[in-house]
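In what follows, a structure is listed as structure tokens, so that the remarks can point back to it.
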Amino acid sequence: MGKLFIYYTHTGNGKLIAQEMEKKGYDIREVKPKRDLPKSFFWGVFLGGMFAMFHKKFKLKDYDASLDGYDEVVVGSPVWFDTISCPISTVLSKTDFDGKKLSFILYSGSGNATKATEVINSLYKDCKITVLKEPLKYSEELSKI
Ligand SMILES: Cc1cc2nc3c(=O)[nH]c(=O)nc-3n(C[C@H](O)[C@H](O)[C@H](O)COP(=O)(O)O)c2cc1C
């Protein structure tokens, strides 16, 4: 049985984590929204923060929710407005993780993810959550995964 890393990235930290997960033998599934955040830092953080605050789920491009052949799944999300990013909220609503060993890797500017951790704990029981502080800036954070 295989291992899968499903993730979203807006500014590249998630991509670095995906490369590390690939080295550890995970298949990689990157999630792309139909309409991504603006590339401008200000508008990206402002709009993404607003969308996350209102628990908006982004529509995804060709999302494959099938987990056939995988017994372990790790979900990677940047932290937006202290919670899970909108594309990954969609993933959680569309994917049945029943019977899979599920864990999360969250990445944030502060290294904290209080609300995201609460949300995950309320949705899934006994789920390991690892929080990294922007590994593009702090590469030593990758040793936590
Ligand atoms: C819309 C938006 C909201 C963010 N909100 C937070 C936040 O509430 N707390 C935090 O520590 N970092 C926050 N950040 C920073 C990101 O979580 C951090 O840079 C993360 O590593 C980005 O991952 P990525 O490069 O894979 O997209 C935010 C970034 C964006 C774009």
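Identifiers in the structure tokens: chain A, B, ... in order shown; residue index from 1 per chain; ligand index from 1 in order shown.
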Neighbourhood of ligand 1 at 7 Å, counting only C-alpha atoms and all ligand atoms, reported as a count of residues only | 30
Atomic separation - CA of Ile17 in chain A relative to CA of Gly76 in chain A, Å | 8.3 Å
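Of the listed residues (A:Ile120, A:Ile6, A:Leu37, A:Ile28), A:Ile6 comes nearest to Thr95 in chain A; the distances count only C-alpha atoms.
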Write down as a compact mmCIF listing (two decimals) with C-alpha atoms, in the first residue's frame the residues of chain A whose backbone DSSP state falls under strand (DSSP E).
```
# COMPACT_ATOMS: atom_id res chain seq x y z
CA GLY A 2 1.21 3.50 -0.81
CA LYS A 3 1.69 6.86 0.84
CA LEU A 4 0.26 10.09 -0.55
CA PHE A 5 0.96 13.77 0.14
CA ILE A 6 -1.87 16.09 -0.95
CA TYR A 7 -0.99 19.77 -0.72
CA ASP A 27 3.33 10.13 -4.12
CA ILE A 28 2.52 13.81 -4.57
CA ARG A 29 -0.83 15.35 -5.47
CA GLU A 30 -0.80 19.15 -5.79
CA TYR A 70 -3.03 4.43 -0.33
CA ASP A 71 -3.11 3.49 3.32
CA GLU A 72 -1.38 6.64 4.54
CA VAL A 73 -2.30 10.20 3.57
CA VAL A 74 -0.62 13.42 4.66
CA VAL A 75 -2.37 16.72 3.88
CA GLY A 76 -0.29 19.89 3.58
CA SER A 77 -1.80 23.35 3.94
CA PRO A 78 -0.52 26.87 4.40
CA VAL A 79 -2.13 28.69 7.32
CA TRP A 80 -4.46 31.50 6.29
CA THR A 83 -6.79 28.44 9.88
CA ILE A 84 -6.67 25.96 6.99
CA LYS A 101 -3.77 6.84 8.46
CA LEU A 102 -4.21 10.62 8.21
CA SER A 103 -1.89 13.39 9.33
CA PHE A 104 -1.29 17.05 8.51
CA ILE A 105 1.63 19.34 7.81
CA LEU A 106 0.77 23.02 8.24
CA TYR A 107 3.09 25.85 7.26
CA SER A 108 2.77 29.40 8.49
CA LYS A 128 -0.82 14.01 14.02
CA ILE A 129 -0.31 17.69 13.14
CA THR A 130 3.12 19.14 12.40
CA VAL A 131 3.47 22.91 12.08
CA LEU A 132 6.45 24.39 10.21
CA LYS A 133 7.57 27.99 10.10
```
DSSP-assigned helix (DSSP H, G or I) among chain A, expressed as a PyMOL selection string = chain A and resi 13-23+41-53+86-94+114-123+139-144
Sorted by chain and rising residue number, list the residues of range 8-102 of chain A at most 12 Å from range 121-126 of chain A (counting only C-alpha atoms), each with its closest atom pair and distance in Å to one decimal, as JSON lines.
```
{"residue": "A:Ser89", "atom": "CA", "partner": "A:Leu123", "partner_atom": "CA", "distance": 11.4}
{"residue": "A:Leu92", "atom": "CA", "partner": "A:Leu123", "partner_atom": "CA", "distance": 9.2}
{"residue": "A:Ser93", "atom": "CA", "partner": "A:Leu123", "partner_atom": "CA", "distance": 10.3}
{"residue": "A:Asp96", "atom": "CA", "partner": "A:Tyr124", "partner_atom": "CA", "distance": 11.3}
{"residue": "A:Phe97", "atom": "CA", "partner": "A:Tyr124", "partner_atom": "CA", "distance": 9.2}
{"residue": "A:Asp98", "atom": "CA", "partner": "A:Tyr124", "partner_atom": "CA", "distance": 9.6}
{"residue": "A:Gly99", "atom": "CA", "partner": "A:Tyr124", "partner_atom": "CA", "distance": 11.5}
{"residue": "A:Lys100", "atom": "CA", "partner": "A:Tyr124", "partner_atom": "CA", "distance": 11.1}
{"residue": "A:Lys101", "atom": "CA", "partner": "A:Asp126", "partner_atom": "CA", "distance": 9.9}
{"residue": "A:Leu102", "atom": "CA", "partner": "A:Tyr124", "partner_atom": "CA", "distance": 8.5}
```
Please produce a file of those selected residues containing all heavy atoms, as an mmCIF file, in the first residue's frame.
```
data_model
loop_
_atom_site.group_PDB
_atom_site.id
_atom_site.type_symbol
_atom_site.label_atom_id
_atom_site.label_comp_id
_atom_site.auth_asym_id
_atom_site.auth_seq_id
_atom_site.Cartn_x
_atom_site.Cartn_y
_atom_site.Cartn_z
ATOM 1 N N SER A 89 -9.522 23.361 2.500
ATOM 2 C CA SER A 89 -10.873 23.167 3.059
ATOM 3 C C SER A 89 -11.731 22.402 2.063
ATOM 4 O O SER A 89 -12.521 21.537 2.448
ATOM 5 C CB SER A 89 -11.544 24.507 3.359
ATOM 6 O OG SER A 89 -10.902 25.127 4.428
ATOM 7 N N LEU A 92 -10.759 18.740 2.130
ATOM 8 C CA LEU A 92 -11.295 18.024 3.304
ATOM 9 C C LEU A 92 -12.778 17.717 3.120
ATOM 10 O O LEU A 92 -13.257 16.670 3.553
ATOM 11 C CB LEU A 92 -11.067 18.833 4.589
ATOM 12 C CG LEU A 92 -9.603 19.166 4.915
ATOM 13 C CD1 LEU A 92 -9.496 19.788 6.302
ATOM 14 C CD2 LEU A 92 -8.699 17.935 4.812
ATOM 15 N N SER A 93 -13.495 18.638 2.458
ATOM 16 C CA SER A 93 -14.940 18.412 2.284
ATOM 17 C C SER A 93 -15.230 17.381 1.190
ATOM 18 O O SER A 93 -16.293 16.789 1.171
ATOM 19 C CB SER A 93 -15.649 19.727 1.968
ATOM 20 O OG SER A 93 -15.299 20.146 0.668
ATOM 21 N N ASP A 96 -12.895 11.334 1.312
ATOM 22 C CA ASP A 96 -13.249 10.408 2.397
ATOM 23 C C ASP A 96 -11.967 9.732 2.899
ATOM 24 O O ASP A 96 -11.405 8.884 2.202
ATOM 25 C CB ASP A 96 -14.238 9.372 1.861
ATOM 26 C CG ASP A 96 -14.646 8.386 2.935
ATOM 27 O OD1 ASP A 96 -14.238 8.564 4.107
ATOM 28 O OD2 ASP A 96 -15.360 7.426 2.602
ATOM 29 N N PHE A 97 -11.511 10.136 4.086
ATOM 30 C CA PHE A 97 -10.254 9.608 4.630
ATOM 31 C C PHE A 97 -10.476 8.390 5.532
ATOM 32 O O PHE A 97 -9.539 7.933 6.173
ATOM 33 C CB PHE A 97 -9.525 10.695 5.435
ATOM 34 C CG PHE A 97 -9.081 11.878 4.610
ATOM 35 C CD1 PHE A 97 -9.793 13.066 4.647
ATOM 36 C CD2 PHE A 97 -7.959 11.806 3.805
ATOM 37 C CE1 PHE A 97 -9.395 14.160 3.889
ATOM 38 C CE2 PHE A 97 -7.552 12.889 3.041
ATOM 39 C CZ PHE A 97 -8.270 14.070 3.089
ATOM 40 N N ASP A 98 -11.718 7.918 5.573
ATOM 41 C CA ASP A 98 -12.051 6.787 6.460
ATOM 42 C C ASP A 98 -11.136 5.593 6.207
ATOM 43 O O ASP A 98 -10.945 5.191 5.060
ATOM 44 C CB ASP A 98 -13.503 6.354 6.209
ATOM 45 C CG ASP A 98 -14.375 6.737 7.384
ATOM 46 O OD1 ASP A 98 -13.937 7.595 8.173
ATOM 47 O OD2 ASP A 98 -15.479 6.165 7.489
ATOM 48 N N GLY A 99 -10.573 5.053 7.271
ATOM 49 C CA GLY A 99 -9.729 3.865 7.145
ATOM 50 C C GLY A 99 -8.297 4.171 6.752
ATOM 51 O O GLY A 99 -7.479 3.270 6.620
ATOM 52 N N LYS A 100 -7.983 5.458 6.535
ATOM 53 C CA LYS A 100 -6.609 5.831 6.163
ATOM 54 C C LYS A 100 -5.879 6.378 7.390
ATOM 55 O O LYS A 100 -6.499 7.007 8.257
ATOM 56 C CB LYS A 100 -6.611 6.927 5.088
ATOM 57 C CG LYS A 100 -7.474 6.627 3.880
ATOM 58 C CD LYS A 100 -6.902 5.509 3.040
ATOM 59 C CE LYS A 100 -7.845 5.133 1.902
ATOM 60 N NZ LYS A 100 -7.440 3.907 1.207
ATOM 61 N N LYS A 101 -4.582 6.189 7.425
ATOM 62 C CA LYS A 101 -3.768 6.844 8.456
ATOM 63 C C LYS A 101 -3.559 8.283 7.974
ATOM 64 O O LYS A 101 -2.857 8.518 6.991
ATOM 65 C CB LYS A 101 -2.435 6.108 8.606
ATOM 66 C CG LYS A 101 -1.587 6.669 9.714
ATOM 67 C CD LYS A 101 -0.285 5.916 9.847
ATOM 68 C CE LYS A 101 0.601 6.631 10.844
ATOM 69 N NZ LYS A 101 2.013 6.397 10.573
ATOM 70 N N LEU A 102 -4.193 9.223 8.671
ATOM 71 C CA LEU A 102 -4.212 10.616 8.207
ATOM 72 C C LEU A 102 -3.394 11.513 9.132
ATOM 73 O O LEU A 102 -3.506 11.420 10.352
ATOM 74 C CB LEU A 102 -5.669 11.107 8.175
ATOM 75 C CG LEU A 102 -5.907 12.564 7.799
ATOM 76 C CD1 LEU A 102 -5.514 12.830 6.339
ATOM 77 C CD2 LEU A 102 -7.391 12.929 8.010
#
```
For CA of Lys115 in chain A and CA of Lys34 in chain A, determine how far apart the two atoms are, in Å to one decimal place.
-> 25.4 Å
Report the distance between CA of Lys32 in chain A and CA of Ser143 in chain A in Å, rounded to one decimal place.
-> 26.2 Å
